[in-house]
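Colleague: My file is start.txt. It has compact mmCIF, N, CA and C atoms and all ligand atoms:
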# COMPACT_ATOMS: atom_id res chain seq x y z
N MET A 1 15.16 5.05 25.10
CA MET A 1 14.52 3.84 24.53
C MET A 1 15.31 3.39 23.31
N ALA A 2 15.86 2.23 23.40
CA ALA A 2 16.66 1.72 22.28
C ALA A 2 15.77 0.91 21.36
N LEU A 3 15.42 1.51 20.23
CA LEU A 3 14.61 0.79 19.26
C LEU A 3 15.51 0.11 18.26
N ASN A 4 15.06 -1.05 17.81
CA ASN A 4 15.83 -1.75 16.80
C ASN A 4 15.29 -1.38 15.44
N TYR A 5 16.10 -0.70 14.66
CA TYR A 5 15.65 -0.20 13.37
C TYR A 5 15.93 -1.18 12.24
N PHE A 6 16.58 -2.30 12.56
CA PHE A 6 16.91 -3.25 11.50
C PHE A 6 16.37 -4.63 11.85
N ASP A 7 15.86 -5.32 10.84
CA ASP A 7 15.36 -6.66 11.09
C ASP A 7 16.48 -7.68 10.90
N GLN A 8 16.13 -8.95 10.99
CA GLN A 8 17.17 -9.98 10.94
C GLN A 8 17.80 -10.11 9.56
N HIS A 9 17.17 -9.52 8.55
CA HIS A 9 17.75 -9.56 7.20
C HIS A 9 18.61 -8.34 6.92
N GLY A 10 18.71 -7.47 7.89
CA GLY A 10 19.53 -6.27 7.70
C GLY A 10 18.78 -5.13 7.06
N HIS A 11 17.46 -5.31 6.83
CA HIS A 11 16.65 -4.23 6.28
C HIS A 11 16.01 -3.45 7.42
N LEU A 12 15.49 -2.29 7.05
CA LEU A 12 14.85 -1.46 8.07
C LEU A 12 13.53 -2.08 8.51
N THR A 13 13.25 -1.98 9.78
CA THR A 13 11.95 -2.40 10.29
C THR A 13 10.93 -1.31 9.96
N ASP A 14 9.66 -1.59 10.23
CA ASP A 14 8.61 -0.59 10.03
C ASP A 14 8.97 0.68 10.80
N GLU A 15 9.47 0.48 12.00
CA GLU A 15 9.83 1.61 12.85
C GLU A 15 10.91 2.45 12.17
N GLY A 16 11.90 1.78 11.61
CA GLY A 16 12.99 2.49 10.96
C GLY A 16 12.51 3.26 9.74
N ILE A 17 11.65 2.62 8.94
CA ILE A 17 11.13 3.28 7.75
C ILE A 17 10.24 4.46 8.15
N ALA A 18 9.45 4.25 9.19
CA ALA A 18 8.58 5.33 9.67
C ALA A 18 9.42 6.50 10.18
N ARG A 19 10.50 6.19 10.86
CA ARG A 19 11.38 7.25 11.34
C ARG A 19 11.95 8.06 10.18
N TYR A 20 12.36 7.36 9.15
CA TYR A 20 12.96 8.05 8.01
C TYR A 20 11.93 8.93 7.31
N ALA A 21 10.72 8.38 7.10
CA ALA A 21 9.69 9.16 6.41
C ALA A 21 9.32 10.39 7.23
N GLU A 22 9.23 10.21 8.55
CA GLU A 22 8.93 11.35 9.41
C GLU A 22 10.03 12.41 9.32
N ALA A 23 11.27 11.94 9.30
CA ALA A 23 12.39 12.88 9.24
C ALA A 23 12.38 13.64 7.91
N LEU A 24 12.03 12.92 6.83
CA LEU A 24 11.92 13.58 5.53
C LEU A 24 10.89 14.70 5.60
N ARG A 25 9.75 14.37 6.20
CA ARG A 25 8.65 15.33 6.25
C ARG A 25 9.04 16.55 7.07
N GLN A 26 9.84 16.32 8.09
CA GLN A 26 10.23 17.42 8.97
C GLN A 26 11.57 18.02 8.58
N ASP A 27 12.09 17.57 7.44
CA ASP A 27 13.37 18.08 6.96
C ASP A 27 14.45 17.91 8.01
N ALA A 28 14.47 16.71 8.61
CA ALA A 28 15.40 16.46 9.70
C ALA A 28 16.14 15.14 9.51
N VAL A 29 16.42 14.83 8.26
CA VAL A 29 17.10 13.56 7.98
C VAL A 29 18.47 13.51 8.64
N ASP A 30 19.10 14.68 8.76
CA ASP A 30 20.45 14.70 9.33
C ASP A 30 20.44 14.38 10.83
N LYS A 31 19.23 14.39 11.44
CA LYS A 31 19.15 14.06 12.85
C LYS A 31 18.90 12.57 13.09
N LEU A 32 18.71 11.84 12.00
CA LEU A 32 18.46 10.40 12.14
C LEU A 32 19.76 9.68 12.49
N PRO A 33 19.64 8.49 13.09
CA PRO A 33 20.82 7.64 13.22
C PRO A 33 21.42 7.38 11.84
N SER A 34 22.72 7.56 11.72
CA SER A 34 23.33 7.50 10.38
C SER A 34 23.16 6.11 9.77
N ALA A 35 22.98 5.08 10.59
CA ALA A 35 22.80 3.74 10.04
C ALA A 35 21.54 3.68 9.18
N ILE A 36 20.49 4.37 9.63
CA ILE A 36 19.24 4.38 8.86
C ILE A 36 19.48 5.07 7.52
N VAL A 37 20.09 6.25 7.57
CA VAL A 37 20.29 7.03 6.35
C VAL A 37 21.16 6.25 5.37
N GLN A 38 22.23 5.65 5.87
CA GLN A 38 23.12 4.91 4.99
C GLN A 38 22.40 3.74 4.34
N HIS A 39 21.59 3.05 5.12
CA HIS A 39 20.89 1.91 4.55
C HIS A 39 19.89 2.36 3.48
N ILE A 40 19.12 3.38 3.79
CA ILE A 40 18.13 3.89 2.84
C ILE A 40 18.80 4.27 1.52
N GLU A 41 19.97 4.89 1.63
CA GLU A 41 20.64 5.35 0.41
C GLU A 41 21.12 4.19 -0.44
N GLN A 42 21.32 3.03 0.18
CA GLN A 42 21.87 1.90 -0.58
C GLN A 42 20.84 0.85 -0.91
N CYS A 43 19.67 0.92 -0.28
CA CYS A 43 18.72 -0.18 -0.42
C CYS A 43 17.46 0.31 -1.14
N GLU A 44 17.28 -0.19 -2.34
CA GLU A 44 16.16 0.25 -3.16
C GLU A 44 14.80 -0.09 -2.53
N PRO A 45 14.57 -1.33 -2.06
CA PRO A 45 13.25 -1.64 -1.47
C PRO A 45 12.91 -0.75 -0.28
N CYS A 46 13.86 -0.57 0.63
CA CYS A 46 13.59 0.25 1.81
C CYS A 46 13.39 1.71 1.40
N HIS A 47 14.18 2.17 0.46
CA HIS A 47 14.05 3.54 -0.03
C HIS A 47 12.67 3.76 -0.62
N GLY A 48 12.24 2.79 -1.43
CA GLY A 48 10.92 2.91 -2.06
C GLY A 48 9.80 2.95 -1.03
N GLN A 49 9.90 2.08 -0.03
CA GLN A 49 8.86 2.06 1.00
C GLN A 49 8.82 3.38 1.77
N ALA A 50 10.01 3.88 2.08
CA ALA A 50 10.07 5.13 2.83
C ALA A 50 9.47 6.28 2.02
N LEU A 51 9.76 6.29 0.71
CA LEU A 51 9.23 7.38 -0.12
C LEU A 51 7.71 7.26 -0.28
N ASP A 52 7.22 6.02 -0.41
CA ASP A 52 5.77 5.83 -0.50
C ASP A 52 5.10 6.34 0.77
N LEU A 53 5.70 5.97 1.89
CA LEU A 53 5.14 6.39 3.17
C LEU A 53 5.21 7.90 3.31
N TYR A 54 6.33 8.46 2.88
CA TYR A 54 6.49 9.91 2.95
C TYR A 54 5.42 10.60 2.12
N ALA A 55 5.16 10.06 0.91
CA ALA A 55 4.14 10.67 0.05
C ALA A 55 2.79 10.66 0.76
N LEU A 56 2.55 9.61 1.52
CA LEU A 56 1.26 9.48 2.20
C LEU A 56 1.16 10.45 3.36
N ILE A 57 2.20 10.51 4.18
CA ILE A 57 2.10 11.35 5.38
C ILE A 57 2.35 12.80 5.05
N ALA A 58 2.97 13.08 3.91
CA ALA A 58 3.22 14.47 3.56
C ALA A 58 1.91 15.21 3.34
N ASP A 59 0.89 14.47 2.87
CA ASP A 59 -0.40 15.08 2.63
C ASP A 59 -1.21 15.24 3.90
N ALA A 60 -0.91 14.41 4.88
CA ALA A 60 -1.70 14.43 6.11
C ALA A 60 -1.34 15.65 6.93
N ASP A 61 -2.35 16.25 7.52
CA ASP A 61 -2.12 17.42 8.35
C ASP A 61 -1.99 16.99 9.79
N TYR A 62 -0.76 16.98 10.24
CA TYR A 62 -0.51 16.59 11.63
C TYR A 62 -0.41 17.79 12.54
N SER A 63 -0.59 18.98 11.99
CA SER A 63 -0.28 20.17 12.77
C SER A 63 -1.11 20.23 14.05
N ALA A 64 -2.32 19.66 13.99
CA ALA A 64 -3.16 19.69 15.17
C ALA A 64 -2.64 18.75 16.25
N LEU A 65 -1.81 17.80 15.84
CA LEU A 65 -1.33 16.79 16.79
C LEU A 65 0.02 17.17 17.39
N GLY A 66 0.56 18.29 16.95
CA GLY A 66 1.88 18.65 17.44
C GLY A 66 2.94 18.22 16.44
N ALA A 67 4.18 18.53 16.74
CA ALA A 67 5.26 18.31 15.79
C ALA A 67 5.53 16.83 15.58
N LEU A 68 5.38 16.04 16.62
CA LEU A 68 5.73 14.63 16.51
C LEU A 68 4.52 13.75 16.74
N PRO A 69 3.94 13.24 15.66
CA PRO A 69 2.83 12.30 15.83
C PRO A 69 3.33 11.01 16.42
N ALA A 70 2.43 10.25 17.01
CA ALA A 70 2.82 8.96 17.58
C ALA A 70 3.40 8.09 16.48
N PRO A 71 4.55 7.45 16.74
CA PRO A 71 5.16 6.60 15.71
C PRO A 71 4.19 5.54 15.22
N GLN A 72 3.32 5.07 16.11
CA GLN A 72 2.40 4.01 15.70
C GLN A 72 1.48 4.47 14.58
N ALA A 73 1.10 5.75 14.60
CA ALA A 73 0.23 6.26 13.55
C ALA A 73 0.94 6.19 12.21
N THR A 74 2.22 6.51 12.20
CA THR A 74 2.99 6.46 10.97
C THR A 74 3.18 5.02 10.51
N VAL A 75 3.44 4.14 11.46
CA VAL A 75 3.64 2.72 11.10
C VAL A 75 2.36 2.16 10.52
N ARG A 76 1.20 2.59 11.08
CA ARG A 76 -0.06 2.10 10.54
C ARG A 76 -0.23 2.54 9.08
N ARG A 77 0.22 3.76 8.77
CA ARG A 77 0.12 4.22 7.39
C ARG A 77 0.99 3.40 6.47
N LEU A 78 2.09 2.90 7.01
CA LEU A 78 2.95 2.05 6.21
C LEU A 78 2.17 0.82 5.73
N TRP A 79 1.31 0.32 6.57
CA TRP A 79 0.52 -0.85 6.18
C TRP A 79 -0.53 -0.48 5.15
N VAL A 80 -1.00 0.76 5.19
CA VAL A 80 -1.91 1.21 4.13
C VAL A 80 -1.18 1.20 2.80
N VAL A 81 0.06 1.69 2.80
CA VAL A 81 0.88 1.68 1.58
C VAL A 81 1.02 0.26 1.08
N ARG A 82 1.32 -0.67 1.98
CA ARG A 82 1.55 -2.06 1.57
C ARG A 82 0.27 -2.69 1.06
N ALA A 83 -0.85 -2.39 1.69
CA ALA A 83 -2.11 -2.97 1.24
C ALA A 83 -2.43 -2.46 -0.16
N ALA A 84 -2.19 -1.18 -0.40
CA ALA A 84 -2.46 -0.61 -1.71
C ALA A 84 -1.53 -1.24 -2.75
N ALA A 85 -0.27 -1.39 -2.40
CA ALA A 85 0.68 -1.99 -3.32
C ALA A 85 0.29 -3.43 -3.62
N ALA A 86 -0.16 -4.15 -2.60
CA ALA A 86 -0.55 -5.54 -2.79
C ALA A 86 -1.78 -5.61 -3.71
N ALA A 87 -2.71 -4.69 -3.53
CA ALA A 87 -3.92 -4.69 -4.36
C ALA A 87 -3.55 -4.43 -5.82
N VAL A 88 -2.66 -3.49 -6.04
CA VAL A 88 -2.22 -3.19 -7.41
C VAL A 88 -1.53 -4.41 -8.01
N PHE A 89 -0.70 -5.05 -7.20
CA PHE A 89 0.03 -6.22 -7.68
C PHE A 89 -0.95 -7.32 -8.09
N VAL A 90 -1.95 -7.56 -7.27
CA VAL A 90 -2.93 -8.60 -7.58
C VAL A 90 -3.66 -8.26 -8.87
N MET A 91 -4.03 -6.99 -9.02
CA MET A 91 -4.74 -6.57 -10.23
C MET A 91 -3.88 -6.77 -11.47
N LEU A 92 -2.60 -6.38 -11.36
CA LEU A 92 -1.71 -6.51 -12.51
C LEU A 92 -1.47 -7.98 -12.84
N SER A 93 -1.35 -8.82 -11.80
CA SER A 93 -1.15 -10.25 -12.04
C SER A 93 -2.35 -10.82 -12.77
N TRP A 94 -3.53 -10.41 -12.33
CA TRP A 94 -4.75 -10.90 -12.95
C TRP A 94 -4.82 -10.46 -14.41
N LEU A 95 -4.47 -9.20 -14.64
CA LEU A 95 -4.48 -8.67 -16.00
C LEU A 95 -3.49 -9.43 -16.88
N ALA A 96 -2.27 -9.62 -16.35
CA ALA A 96 -1.25 -10.33 -17.11
C ALA A 96 -1.73 -11.74 -17.42
N TYR A 97 -2.39 -12.35 -16.46
CA TYR A 97 -2.90 -13.70 -16.66
C TYR A 97 -3.96 -13.70 -17.76
N ARG A 98 -4.87 -12.74 -17.68
CA ARG A 98 -5.94 -12.68 -18.67
C ARG A 98 -5.39 -12.43 -20.07
N LEU A 99 -4.35 -11.60 -20.15
CA LEU A 99 -3.80 -11.26 -21.47
C LEU A 99 -2.96 -12.40 -22.03
N SER A 100 -2.41 -13.23 -21.15
CA SER A 100 -1.52 -14.28 -21.63
C SER A 100 -2.29 -15.54 -21.99
N VAL A 101 -3.49 -15.69 -21.45
CA VAL A 101 -4.29 -16.88 -21.74
C VAL A 101 -5.30 -16.53 -22.82
N PRO A 102 -5.26 -17.25 -23.96
CA PRO A 102 -6.24 -16.96 -25.01
C PRO A 102 -7.65 -17.28 -24.51
N ALA A 103 -8.59 -16.47 -24.96
CA ALA A 103 -9.96 -16.69 -24.53
C ALA A 103 -10.43 -18.04 -25.04
N PRO A 104 -11.13 -18.78 -24.22
CA PRO A 104 -11.63 -20.09 -24.67
C PRO A 104 -12.66 -19.88 -25.77
N PRO A 105 -12.76 -20.88 -26.68
CA PRO A 105 -13.76 -20.74 -27.76
C PRO A 105 -15.15 -20.59 -27.15
N THR A 106 -15.89 -19.66 -27.73
CA THR A 106 -17.23 -19.41 -27.20
C THR A 106 -18.14 -20.58 -27.52
N PRO A 107 -18.77 -21.15 -26.53
CA PRO A 107 -19.69 -22.26 -26.81
C PRO A 107 -20.91 -21.73 -27.55
N PRO A 108 -21.52 -22.57 -28.37
CA PRO A 108 -22.72 -22.12 -29.09
C PRO A 108 -23.79 -21.67 -28.09
N VAL A 109 -24.42 -20.58 -28.47
CA VAL A 109 -25.40 -20.02 -27.56
C VAL A 109 -26.68 -20.87 -27.60
N VAL A 110 -27.05 -21.32 -26.46
CA VAL A 110 -28.27 -22.11 -26.38
C VAL A 110 -29.31 -21.26 -25.65
N LYS A 111 -30.41 -21.04 -26.34
CA LYS A 111 -31.47 -20.24 -25.71
C LYS A 111 -32.24 -21.10 -24.72
N VAL A 112 -32.27 -20.63 -23.54
CA VAL A 112 -33.03 -21.36 -22.53
C VAL A 112 -34.19 -20.48 -22.12
N GLU A 113 -35.37 -21.00 -22.29
CA GLU A 113 -36.55 -20.21 -21.89
C GLU A 113 -36.65 -20.21 -20.37
N THR A 114 -36.51 -19.02 -19.82
CA THR A 114 -36.69 -18.94 -18.37
C THR A 114 -38.12 -18.47 -18.10
N PRO A 115 -38.77 -19.17 -17.21
CA PRO A 115 -40.14 -18.75 -16.89
C PRO A 115 -40.15 -17.34 -16.35
N VAL A 116 -41.09 -16.54 -16.81
CA VAL A 116 -41.17 -15.15 -16.36
C VAL A 116 -41.76 -15.12 -14.96
N ASP A 117 -41.03 -14.44 -14.10
CA ASP A 117 -41.48 -14.37 -12.70
C ASP A 117 -42.43 -13.19 -12.56
N THR A 118 -43.70 -13.47 -12.64
CA THR A 118 -44.68 -12.37 -12.57
C THR A 118 -44.89 -11.88 -11.17
N THR A 119 -44.39 -12.62 -10.18
CA THR A 119 -44.60 -12.18 -8.79
C THR A 119 -43.47 -11.28 -8.31
N SER A 120 -42.48 -11.05 -9.19
CA SER A 120 -41.34 -10.27 -8.76
C SER A 120 -41.78 -8.85 -8.34
N GLN A 121 -41.29 -8.47 -7.17
CA GLN A 121 -41.67 -7.17 -6.62
C GLN A 121 -40.72 -6.07 -7.07
N ASP A 122 -39.54 -6.44 -7.51
CA ASP A 122 -38.51 -5.42 -7.70
C ASP A 122 -38.19 -5.18 -9.17
N SER A 123 -39.15 -5.33 -10.07
CA SER A 123 -38.88 -4.98 -11.44
C SER A 123 -38.76 -3.46 -11.56
N PRO A 124 -37.66 -3.01 -12.17
CA PRO A 124 -37.43 -1.55 -12.19
C PRO A 124 -38.41 -0.82 -13.11
N GLY A 125 -38.73 0.36 -12.70
CA GLY A 125 -39.56 1.22 -13.53
C GLY A 125 -41.01 0.83 -13.58
N ALA A 126 -41.43 -0.04 -12.69
CA ALA A 126 -42.82 -0.49 -12.71
C ALA A 126 -43.76 0.58 -12.15
ZN ZN B 201 16.71 -2.49 3.03
Would you write the structure of this file as structure tokens?
Ligand SMILES: [Zn+2]
Modeller:
Amino acid sequence: MALNYFDQHGHLTDEGIARYAEALRQDAVDKLPSAIVQHIEQCEPCHGQALDLYALIADADYSALGALPAPQATVRRLWVVRAAAAAVFVMLSWLAYRLSVPAPPTPPVVKVETPVDTTSQDSPGA
């Protein structure tokens, strides 16, 4: 089965990154196609993704599944890594935004009498 490990931009596909992370976990990097290894060594984004994925699958116990888990399971974990990274990025962007924008002047507090809801069933501690 000839898998394409590189996308149209010359970076590793999910399959290629998953292969590398799996090989790291099994201490079998030297058995990988040398094109993958060479690219990983030179490409920071692909290297980072592979290491993130490796950190994730290194903790997982695949021993019950045999030596070689289905590649799709590893590729799915890659998306978990990306979702987590995206969530962190969104949080940091929001934080940076909040810190860079001065808080608006607080409007004068206006007391508004709200009618007490005596029919409320869910008042705590009643
Ligand atoms: Zn790359």
Colleague: Per residue of chain A within 7 Å of ligand ZN 201 (chain B), record the nearest atom pair and its distance in Å to one decimal, counting only N, CA and C atoms and all ligand atoms, with rows in chain order and ascending residue number, as JSON lines.
Modeller:
{"residue": "A:Gly10", "atom": "C", "partner": "B:ZN201", "partner_atom": "ZN", "distance": 5.2}
{"residue": "A:His11", "atom": "CA", "partner": "B:ZN201", "partner_atom": "ZN", "distance": 3.7}
{"residue": "A:Leu12", "atom": "N", "partner": "B:ZN201", "partner_atom": "ZN", "distance": 4.2}
{"residue": "A:His39", "atom": "C", "partner": "B:ZN201", "partner_atom": "ZN", "distance": 5.8}
{"residue": "A:Ile40", "atom": "N", "partner": "B:ZN201", "partner_atom": "ZN", "distance": 6.4}
{"residue": "A:Gln42", "atom": "C", "partner": "B:ZN201", "partner_atom": "ZN", "distance": 6.6}
{"residue": "A:Cys43", "atom": "CA", "partner": "B:ZN201", "partner_atom": "ZN", "distance": 4.6}
{"residue": "A:Glu44", "atom": "N", "partner": "B:ZN201", "partner_atom": "ZN", "distance": 5.9}
{"residue": "A:Pro45", "atom": "C", "partner": "B:ZN201", "partner_atom": "ZN", "distance": 5.3}
{"residue": "A:Cys46", "atom": "N", "partner": "B:ZN201", "partner_atom": "ZN", "distance": 4.2}
{"residue": "A:His47", "atom": "N", "partner": "B:ZN201", "partner_atom": "ZN", "distance": 5.9}
Colleague: Hey, can you check how far atom CA of A:Asn4 sits from atom N of A:Ala23?
Modeller: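 Going from atom CA of A:Asn4 over to atom N of A:Ala23, I get 16.3 Å.
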Colleague: At what distance in Å, to one decimal, does atom CA of A:Ala86 lie from atom N of A:Asp7?
Modeller: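 Atom-to-atom, atom N of A:Asp7 to atom CA of A:Ala86, that is 21.3 Å.
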Colleague: Quick one: everything within 7 Å of A:Glu15, counting all atoms listed in the file, minus sequence neighbours fewer than 3 positions away in the same chain. Send it as a ChimeraX atom specification.
Modeller: /A:4-5,12,18-20,75
Colleague: Tell me which of A:Leu24, A:Ile17, A:Val101, A:Ala87 sits closest to A:Ile36, counting only C-alpha atoms.
Modeller: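 Nearest candidate to A:Ile36 out of A:Leu24, A:Ile17, A:Val101, A:Ala87: A:Ile17.
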Colleague: One decimal, in Å: what's the spacing between atom N of A:Trp79 and atom C of A:Ala96?
Modeller: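 Taking atom N of A:Trp79 and atom C of A:Ala96, their separation equals 27.0 Å.
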Colleague: At a cut-off of 7 Å, can you tabulate as JSON lines every residue of stretch 75-115 of chain A near stretch 51-56 of chain A together with its closest atom pair and the distance in Å to one decimal, using only C-alpha atoms and ordering rows by chain then number?
Modeller:
{"residue": "A:Arg77", "atom": "CA", "partner": "A:Leu53", "partner_atom": "CA", "distance": 6.9}
{"residue": "A:Leu78", "atom": "CA", "partner": "A:Leu53", "partner_atom": "CA", "distance": 5.7}
{"residue": "A:Val81", "atom": "CA", "partner": "A:Leu53", "partner_atom": "CA", "distance": 6.5}
Colleague: Taking the chain letters and numbering used in this document, name the residues of stretch 41-102 of chain A that DSSP puts in alpha helix (DSSP H), as a ChimeraX atom specification.
Modeller: /A:41-42,44-59,71-100
Colleague: Could you write out the selected residues, including N, CA and C atoms, as a CSV table (one decimal), in the coordinates of the input?
Modeller:
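See part_31.csv below for the written result:
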chain,number,residue,atom,x,y,z
A,41,GLU,N,20.0,4.9,1.6
A,41,GLU,CA,20.6,5.4,0.4
A,41,GLU,C,21.1,4.2,-0.4
A,42,GLN,N,21.3,3.0,0.2
A,42,GLN,CA,21.9,1.9,-0.6
A,42,GLN,C,20.8,0.8,-0.9
A,44,GLU,N,17.3,-0.2,-2.3
A,44,GLU,CA,16.2,0.2,-3.2
A,44,GLU,C,14.8,-0.1,-2.5
A,45,PRO,N,14.6,-1.3,-2.1
A,45,PRO,CA,13.2,-1.6,-1.5
A,45,PRO,C,12.9,-0.8,-0.3
A,46,CYS,N,13.9,-0.6,0.6
A,46,CYS,CA,13.6,0.2,1.8
A,46,CYS,C,13.4,1.7,1.4
A,47,HIS,N,14.2,2.2,0.5
A,47,HIS,CA,14.0,3.5,0.0
A,47,HIS,C,12.7,3.8,-0.6
A,48,GLY,N,12.2,2.8,-1.4
A,48,GLY,CA,10.9,2.9,-2.1
A,48,GLY,C,9.8,3.0,-1.0
A,49,GLN,N,9.9,2.1,0.0
A,49,GLN,CA,8.9,2.1,1.0
A,49,GLN,C,8.8,3.4,1.8
A,50,ALA,N,10.0,3.9,2.1
A,50,ALA,CA,10.1,5.1,2.8
A,50,ALA,C,9.5,6.3,2.0
A,51,LEU,N,9.8,6.3,0.7
A,51,LEU,CA,9.2,7.4,-0.1
A,51,LEU,C,7.7,7.3,-0.3
A,52,ASP,N,7.2,6.0,-0.4
A,52,ASP,CA,5.8,5.8,-0.5
A,52,ASP,C,5.1,6.3,0.8
A,53,LEU,N,5.7,6.0,1.9
A,53,LEU,CA,5.1,6.4,3.2
A,53,LEU,C,5.2,7.9,3.3
A,54,TYR,N,6.3,8.5,2.9
A,54,TYR,CA,6.5,9.9,3.0
A,54,TYR,C,5.4,10.6,2.1
A,55,ALA,N,5.2,10.1,0.9
A,55,ALA,CA,4.1,10.7,0.0
A,55,ALA,C,2.8,10.7,0.8
A,56,LEU,N,2.6,9.6,1.5
A,56,LEU,CA,1.3,9.5,2.2
A,56,LEU,C,1.2,10.4,3.4
A,57,ILE,N,2.2,10.5,4.2
A,57,ILE,CA,2.1,11.4,5.4
A,57,ILE,C,2.4,12.8,5.0
A,58,ALA,N,3.0,13.1,3.9
A,58,ALA,CA,3.2,14.5,3.6
A,58,ALA,C,1.9,15.2,3.3
A,59,ASP,N,0.9,14.5,2.9
A,59,ASP,CA,-0.4,15.1,2.6
A,59,ASP,C,-1.2,15.2,3.9
A,71,PRO,N,4.6,7.4,16.7
A,71,PRO,CA,5.2,6.6,15.7
A,71,PRO,C,4.2,5.5,15.2
A,72,GLN,N,3.3,5.1,16.1
A,72,GLN,CA,2.4,4.0,15.7
A,72,GLN,C,1.5,4.5,14.6
A,73,ALA,N,1.1,5.8,14.6
A,73,ALA,CA,0.2,6.3,13.6
A,73,ALA,C,0.9,6.2,12.2
A,74,THR,N,2.2,6.5,12.2
A,74,THR,CA,3.0,6.5,11.0
A,74,THR,C,3.2,5.0,10.5
A,75,VAL,N,3.4,4.1,11.5
A,75,VAL,CA,3.6,2.7,11.1
A,75,VAL,C,2.4,2.2,10.5
A,76,ARG,N,1.2,2.6,11.1
A,76,ARG,CA,-0.1,2.1,10.5
A,76,ARG,C,-0.2,2.5,9.1
A,77,ARG,N,0.2,3.8,8.8
A,77,ARG,CA,0.1,4.2,7.4
A,77,ARG,C,1.0,3.4,6.5
A,78,LEU,N,2.1,2.9,7.0
A,78,LEU,CA,3.0,2.0,6.2
A,78,LEU,C,2.2,0.8,5.7
A,79,TRP,N,1.3,0.3,6.6
A,79,TRP,CA,0.5,-0.8,6.2
A,79,TRP,C,-0.5,-0.5,5.2
A,80,VAL,N,-1.0,0.8,5.2
A,80,VAL,CA,-1.9,1.2,4.1
A,80,VAL,C,-1.2,1.2,2.8
A,81,VAL,N,0.1,1.7,2.8
A,81,VAL,CA,0.9,1.7,1.6
A,81,VAL,C,1.0,0.3,1.1
A,82,ARG,N,1.3,-0.7,2.0
A,82,ARG,CA,1.6,-2.1,1.6
A,82,ARG,C,0.3,-2.7,1.1
A,83,ALA,N,-0.8,-2.4,1.7
A,83,ALA,CA,-2.1,-3.0,1.2
A,83,ALA,C,-2.4,-2.5,-0.2
A,84,ALA,N,-2.2,-1.2,-0.4
A,84,ALA,CA,-2.5,-0.6,-1.7
A,84,ALA,C,-1.5,-1.2,-2.8
A,85,ALA,N,-0.3,-1.4,-2.4
A,85,ALA,CA,0.7,-2.0,-3.3
A,85,ALA,C,0.3,-3.4,-3.6
A,86,ALA,N,-0.2,-4.2,-2.6
A,86,ALA,CA,-0.6,-5.5,-2.8
A,86,ALA,C,-1.8,-5.6,-3.7
A,87,ALA,N,-2.7,-4.7,-3.5
A,87,ALA,CA,-3.9,-4.7,-4.4
A,87,ALA,C,-3.6,-4.4,-5.8
A,88,VAL,N,-2.7,-3.5,-6.0
A,88,VAL,CA,-2.2,-3.2,-7.4
A,88,VAL,C,-1.5,-4.4,-8.0
A,89,PHE,N,-0.7,-5.0,-7.2
A,89,PHE,CA,0.0,-6.2,-7.7
A,89,PHE,C,-1.0,-7.3,-8.1
A,90,VAL,N,-2.0,-7.6,-7.3
A,90,VAL,CA,-2.9,-8.6,-7.6
A,90,VAL,C,-3.7,-8.3,-8.9
A,91,MET,N,-4.0,-7.0,-9.0
A,91,MET,CA,-4.7,-6.6,-10.2
A,91,MET,C,-3.9,-6.8,-11.5
A,92,LEU,N,-2.6,-6.4,-11.4
A,92,LEU,CA,-1.7,-6.5,-12.5
A,92,LEU,C,-1.5,-8.0,-12.8
A,93,SER,N,-1.4,-8.8,-11.8
A,93,SER,CA,-1.2,-10.2,-12.0
A,93,SER,C,-2.4,-10.8,-12.8
A,94,TRP,N,-3.5,-10.4,-12.3
A,94,TRP,CA,-4.8,-10.9,-13.0
A,94,TRP,C,-4.8,-10.5,-14.4
A,95,LEU,N,-4.5,-9.2,-14.6
A,95,LEU,CA,-4.5,-8.7,-16.0
A,95,LEU,C,-3.5,-9.4,-16.9
A,96,ALA,N,-2.3,-9.6,-16.4
A,96,ALA,CA,-1.2,-10.3,-17.1
A,96,ALA,C,-1.7,-11.7,-17.4
A,97,TYR,N,-2.4,-12.4,-16.5
A,97,TYR,CA,-2.9,-13.7,-16.7
A,97,TYR,C,-4.0,-13.7,-17.8
A,98,ARG,N,-4.9,-12.7,-17.7
A,98,ARG,CA,-5.9,-12.7,-18.7
A,98,ARG,C,-5.4,-12.4,-20.1
A,99,LEU,N,-4.4,-11.6,-20.2
A,99,LEU,CA,-3.8,-11.3,-21.5
A,99,LEU,C,-3.0,-12.4,-22.0
A,100,SER,N,-2.4,-13.2,-21.2
A,100,SER,CA,-1.5,-14.3,-21.6
A,100,SER,C,-2.3,-15.5,-22.0
Colleague: Using only N, CA and C atoms, can you tell me which of A:Leu95, A:Ala21, A:Val112, A:Pro102 comes closest to A:Ala58?
Modeller: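 Result for the nearest residue to A:Ala58: A:Ala21.
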